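Read through the structure below, which is laid out as C-alpha coordinates, and then see the notes.
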Amino acid sequence: LAKTTQPISMDSYEGQEVNITCSHNNIATNDYITWYQQFPSQGPRFIIQGYKTKVTNEVASLFIPADRKSSTLSLPRVSLSDTAVYYCLVGALSGSARQLTFGSGTQLTVLP
Amino acid sequence: ETGVTQTPRHLVMGMTNKKSLKCEQHLGHNAMYWYKQSAKKPLELMFVYNFKEQTENNSVPSRFSPECPNSSHLFLHLHTLQPEDSALYLCASSQELANWSTDTQYFGPGTRLTVL
(Lines give C-alpha, C1' and ligand atoms only; values in the text may rest on other atoms or scores of the structure.)
Protein backbone atom coordinates (compact mmCIF):
# COMPACT_ATOMS: atom_id res chain seq x y z
CA LEU A 1 0.00 0.00 0.00
CA ALA A 2 1.14 3.48 -0.73
CA LYS A 3 1.89 5.45 2.38
CA THR A 4 1.69 9.13 3.07
CA THR A 5 3.50 10.93 5.83
CA GLN A 6 2.53 14.22 7.42
CA PRO A 7 3.57 16.01 10.59
CA ILE A 8 1.33 15.01 13.46
CA SER A 9 0.70 18.55 14.62
CA MET A 10 1.50 22.19 13.95
CA ASP A 11 0.82 25.40 15.82
CA SER A 12 0.45 28.82 14.27
CA TYR A 13 -0.81 32.27 15.14
CA GLU A 14 -3.64 34.17 13.55
CA GLY A 15 -2.66 35.99 10.40
CA GLN A 16 0.33 33.80 9.61
CA GLU A 17 0.84 31.63 6.56
CA VAL A 18 0.87 27.89 7.30
CA ASN A 19 2.54 25.26 5.13
CA ILE A 20 1.82 21.56 5.67
CA THR A 21 3.87 19.02 3.73
CA CYS A 22 2.84 15.49 2.80
CA SER A 23 5.24 12.82 1.53
CA HIS A 24 3.90 10.23 -0.92
CA ASN A 25 6.80 8.33 -2.42
CA ASN A 26 4.66 5.66 -4.13
CA ILE A 27 2.29 7.97 -5.95
CA ALA A 28 1.16 6.52 -9.27
CA THR A 29 1.70 8.29 -12.57
CA ASN A 30 -1.94 9.21 -13.11
CA ASP A 31 -2.85 9.99 -9.52
CA TYR A 32 -3.83 13.38 -8.22
CA ILE A 33 -3.19 14.75 -4.76
CA THR A 34 -6.12 15.95 -2.74
CA TRP A 35 -6.27 17.71 0.61
CA TYR A 36 -9.17 17.60 3.01
CA GLN A 37 -10.00 19.48 6.20
CA GLN A 38 -11.82 17.90 9.13
CA PHE A 39 -13.37 19.54 12.17
CA PRO A 40 -14.27 17.48 15.26
CA SER A 41 -17.34 15.28 14.83
CA GLN A 42 -17.67 16.17 11.16
CA GLY A 43 -16.73 14.44 7.93
CA PRO A 44 -13.70 15.66 5.97
CA ARG A 45 -14.25 18.52 3.56
CA PHE A 46 -12.46 18.98 0.22
CA ILE A 47 -9.96 21.84 0.14
CA ILE A 48 -7.86 21.55 -2.99
CA GLN A 49 -6.57 19.11 -5.59
CA GLY A 50 -3.62 19.12 -7.96
CA TYR A 51 -1.40 17.02 -10.21
CA LYS A 52 1.80 19.02 -10.58
CA THR A 53 3.32 22.49 -10.10
CA LYS A 54 0.93 24.88 -8.37
CA VAL A 55 -2.80 25.13 -7.86
CA THR A 56 -4.58 27.98 -6.11
CA ASN A 57 -8.18 28.50 -5.09
CA GLU A 58 -10.00 30.87 -2.77
CA VAL A 59 -8.89 29.10 0.40
CA ALA A 60 -5.47 27.54 -0.25
CA SER A 61 -2.57 26.85 -2.57
CA LEU A 62 -1.01 23.50 -3.37
CA PHE A 63 2.62 23.18 -4.39
CA ILE A 64 3.83 19.96 -6.04
CA PRO A 65 7.47 19.49 -7.11
CA ALA A 66 8.42 17.89 -10.40
CA ASP A 67 9.04 14.44 -8.89
CA ARG A 68 5.58 14.55 -7.21
CA LYS A 69 6.85 12.62 -4.21
CA SER A 70 5.58 15.30 -1.89
CA SER A 71 3.12 18.17 -1.81
CA THR A 72 2.67 21.26 0.35
CA LEU A 73 -0.65 22.75 1.35
CA SER A 74 -0.36 26.47 1.98
CA LEU A 75 -2.99 28.34 3.99
CA PRO A 76 -2.60 32.12 3.82
CA ARG A 77 -3.36 34.26 6.85
CA VAL A 78 -4.95 31.59 9.03
CA SER A 79 -7.66 32.36 11.55
CA LEU A 80 -8.87 30.55 14.65
CA SER A 81 -11.53 28.78 12.57
CA ASP A 82 -8.80 27.07 10.55
CA THR A 83 -7.99 24.90 13.57
CA ALA A 84 -8.68 21.41 12.25
CA VAL A 85 -7.05 18.20 11.04
CA TYR A 86 -5.73 18.35 7.50
CA TYR A 87 -5.45 15.17 5.44
CA CYS A 88 -3.42 14.46 2.35
CA LEU A 89 -5.05 11.94 -0.02
CA VAL A 90 -3.49 10.14 -2.94
CA GLY A 91 -4.69 7.22 -4.98
CA ALA A 92 -2.15 4.42 -5.25
CA LEU A 93 -1.83 1.03 -6.85
CA SER A 94 -1.51 -2.01 -4.66
CA GLY A 95 -1.44 -5.24 -6.59
CA SER A 96 -4.61 -5.53 -8.59
CA ALA A 97 -6.65 -3.23 -6.39
CA ARG A 98 -6.49 0.51 -6.29
CA GLN A 99 -6.43 2.00 -2.85
CA LEU A 100 -7.21 5.44 -1.65
CA THR A 101 -4.88 6.37 1.13
CA PHE A 102 -5.42 9.09 3.65
CA GLY A 103 -2.39 10.37 5.50
CA SER A 104 -2.32 10.32 9.27
CA GLY A 105 -3.47 13.88 9.28
CA THR A 106 -1.95 17.03 10.68
CA GLN A 107 -3.65 18.71 13.62
CA LEU A 108 -3.31 22.43 13.00
CA THR A 109 -3.93 24.64 16.01
CA VAL A 110 -4.23 28.35 15.38
CA LEU A 111 -3.53 30.46 18.42
CA PRO A 112 -4.74 34.01 19.05
CA GLU B 1 -24.38 20.78 4.42
CA THR B 2 -22.53 18.54 1.97
CA GLY B 3 -25.52 16.77 0.44
CA VAL B 4 -24.65 13.53 2.23
CA THR B 5 -26.70 12.58 5.27
CA GLN B 6 -26.12 9.80 7.77
CA THR B 7 -28.39 8.31 10.38
CA PRO B 8 -28.24 7.79 13.23
CA ARG B 9 -25.64 10.33 14.32
CA HIS B 10 -24.94 8.38 17.50
CA LEU B 11 -25.43 4.69 18.24
CA VAL B 12 -24.72 2.61 21.31
CA MET B 13 -25.07 -1.14 20.96
CA GLY B 14 -24.21 -4.32 22.76
CA MET B 15 -22.04 -7.00 21.23
CA THR B 16 -25.04 -9.23 20.51
CA ASN B 17 -27.16 -6.55 18.86
CA LYS B 18 -27.87 -6.09 15.18
CA LYS B 19 -28.09 -2.56 13.87
CA SER B 20 -27.76 -0.71 10.59
CA LEU B 21 -26.21 2.58 9.58
CA LYS B 22 -27.80 4.53 6.75
CA CYS B 23 -26.30 6.96 4.28
CA GLU B 24 -28.11 8.97 1.65
CA GLN B 25 -26.66 11.34 -0.91
CA HIS B 26 -28.59 14.00 -2.80
CA LEU B 27 -25.84 14.88 -5.26
CA GLY B 28 -26.63 12.55 -8.15
CA HIS B 29 -23.38 10.66 -7.58
CA ASN B 30 -22.73 7.07 -8.58
CA ALA B 31 -19.95 6.05 -6.21
CA MET B 32 -20.37 5.64 -2.47
CA TYR B 33 -17.92 4.75 0.27
CA TRP B 34 -17.77 3.61 3.88
CA TYR B 35 -14.85 4.70 6.04
CA LYS B 36 -13.94 3.94 9.63
CA GLN B 37 -12.22 6.53 11.79
CA SER B 38 -10.85 5.40 15.13
CA ALA B 39 -9.30 7.68 17.67
CA LYS B 40 -5.76 8.70 16.74
CA LYS B 41 -5.82 6.64 13.53
CA PRO B 42 -6.04 7.56 9.86
CA LEU B 43 -9.28 7.17 7.99
CA GLU B 44 -9.66 3.58 6.86
CA LEU B 45 -11.50 2.82 3.64
CA MET B 46 -13.86 -0.12 4.20
CA PHE B 47 -16.09 -0.52 1.16
CA VAL B 48 -16.60 1.12 -2.21
CA TYR B 49 -19.62 0.91 -4.50
CA ASN B 50 -19.80 2.18 -8.06
CA PHE B 51 -23.16 2.13 -9.82
CA LYS B 52 -24.47 -0.13 -7.02
CA GLU B 53 -21.73 -2.70 -7.53
CA GLN B 54 -19.19 -3.35 -4.80
CA THR B 55 -15.71 -2.69 -6.12
CA GLU B 56 -13.63 -2.71 -2.96
CA ASN B 57 -13.68 -4.64 0.28
CA ASN B 58 -10.57 -3.83 2.25
CA SER B 59 -10.38 -7.01 4.31
CA VAL B 60 -13.23 -5.91 6.48
CA PRO B 61 -14.53 -8.51 8.97
CA SER B 62 -17.80 -10.17 8.00
CA ARG B 63 -19.56 -8.67 11.02
CA PHE B 64 -19.77 -5.57 8.82
CA SER B 65 -22.08 -6.10 5.85
CA PRO B 66 -22.67 -3.33 3.30
CA GLU B 67 -25.70 -2.93 1.10
CA CYS B 68 -26.26 -0.53 -1.78
CA PRO B 69 -29.82 -0.82 -3.13
CA ASN B 70 -29.39 2.17 -5.45
CA SER B 71 -26.86 4.88 -6.18
CA SER B 72 -28.36 7.23 -3.59
CA HIS B 73 -28.45 4.92 -0.60
CA LEU B 74 -25.83 2.94 1.26
CA PHE B 75 -26.24 0.83 4.37
CA LEU B 76 -23.80 -0.77 6.77
CA HIS B 77 -25.32 -3.69 8.65
CA LEU B 78 -23.68 -4.48 11.96
CA HIS B 79 -23.85 -7.69 13.99
CA THR B 80 -21.89 -9.22 16.84
CA LEU B 81 -19.50 -6.29 16.97
CA GLN B 82 -16.57 -5.97 19.33
CA PRO B 83 -15.69 -3.05 21.58
CA GLU B 84 -12.74 -2.24 19.32
CA ASP B 85 -15.22 -1.54 16.54
CA SER B 86 -16.24 1.63 18.37
CA ALA B 87 -15.41 4.47 16.02
CA LEU B 88 -16.79 7.21 13.78
CA TYR B 89 -18.20 5.65 10.61
CA LEU B 90 -18.18 8.01 7.67
CA CYS B 91 -20.02 7.74 4.40
CA ALA B 92 -18.88 9.56 1.28
CA SER B 93 -19.96 9.86 -2.32
CA SER B 94 -18.34 10.97 -5.56
CA GLN B 95 -19.37 11.29 -9.17
CA GLU B 96 -18.11 7.87 -10.22
CA LEU B 97 -15.00 5.71 -10.23
CA ALA B 98 -13.99 6.17 -13.86
CA ASN B 99 -11.08 8.21 -12.62
CA TRP B 100 -11.49 8.25 -8.89
CA SER B 101 -8.17 9.84 -8.22
CA THR B 102 -9.52 13.14 -9.48
CA ASP B 103 -12.99 12.60 -8.14
CA THR B 104 -13.81 14.77 -5.14
CA GLN B 105 -15.46 12.87 -2.32
CA TYR B 106 -18.20 14.50 -0.28
CA PHE B 107 -18.48 13.19 3.26
CA GLY B 108 -21.44 12.91 5.57
CA PRO B 109 -21.23 13.94 9.23
CA GLY B 110 -20.65 10.37 10.39
CA THR B 111 -22.21 8.00 12.91
CA ARG B 112 -20.49 7.80 16.26
CA LEU B 113 -20.71 4.11 17.22
CA THR B 114 -20.04 2.78 20.69
CA VAL B 115 -19.99 -0.96 21.27
CA LEU B 116 -20.39 -2.02 24.88
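Identifiers for the C-alpha coordinates are assigned positionally: chains receive A, B, ... in sequence, residues are indexed from 1 per chain, and ligands are indexed from 1 in the order shown.
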**OP:** Tell me which protein, DNA and RNA residues are within 8 Å of region 47-51 of chain B, counting only C-alpha atoms, leaving out same-chain ones fewer than 3 positions away, and put them as a ChimeraX atom specification.
**Re:** /B:30-35,54-58,66,68,70-71,96-97
**OP:** Would you list the contacts of Lys52 (chain A) as a list in words, taking every protein, DNA or RNA residue within 8 Å and counting only C-alpha atoms, but skipping same-chain residues closer than 2 positions in sequence?
**Re:**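 Near Lys52 (chain A), the qualifying residues are Gly50, Lys54, Phe63, Ile64, Pro65, Ala66 and Arg68 of chain A.
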Subject >> Closest of A:Asn57, A:Asn30, A:Ser23, A:Gln38 to Leu43 (chain B) - atom-to-atom distances counting only C-alpha atoms >> reply: A:Gln38
**OP:** Would you work out the distance separating CA of Glu53 (chain B) from CA of Tyr89 (chain B), expressed in Å to one decimal?
**Re:** 20.3 Å
**OP:** Check the DSSP output for the backbone and give back, as a VMD selection string, the residues of chain A in strand (DSSP E).
**Re:** chain A and resid 9 to 13 18 to 23 33 to 38 45 to 50 53 to 56 61 to 64 70 to 75 84 to 94 97 to 102 106 to 111
**OP:** Tell me the residues of chain B close to chain A, meaning within 12 Å using only C-alpha atoms, as an MDAnalysis selection string.
**Re:** chainID B and resid 1:6 9:10 33:48 55:59 87:94 97 99:113
**OP:** Based on DSSP run over this structure's backbone, return all residues of chain B in helix (DSSP H, G or I), as number ranges by chain.
**Re:** B: 83-85, 100-102
**OP:** Return the single residue from A:Thr109, A:Glu17, A:Met10, A:Ser81 that is closest to Ala60 (chain A), with distances computed using only C-alpha atoms.
**Re:** A:Glu17
Subject >> Residue nearest Gln6 (chain A) - candidates A:Ser71, A:Gln37, A:Val78, A:Ala84, atoms counted: only C-alpha atoms >> reply: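 Between A:Ser71, A:Gln37, A:Val78, A:Ala84, the residue approaching Gln6 (chain A) most closely is A:Ser71.
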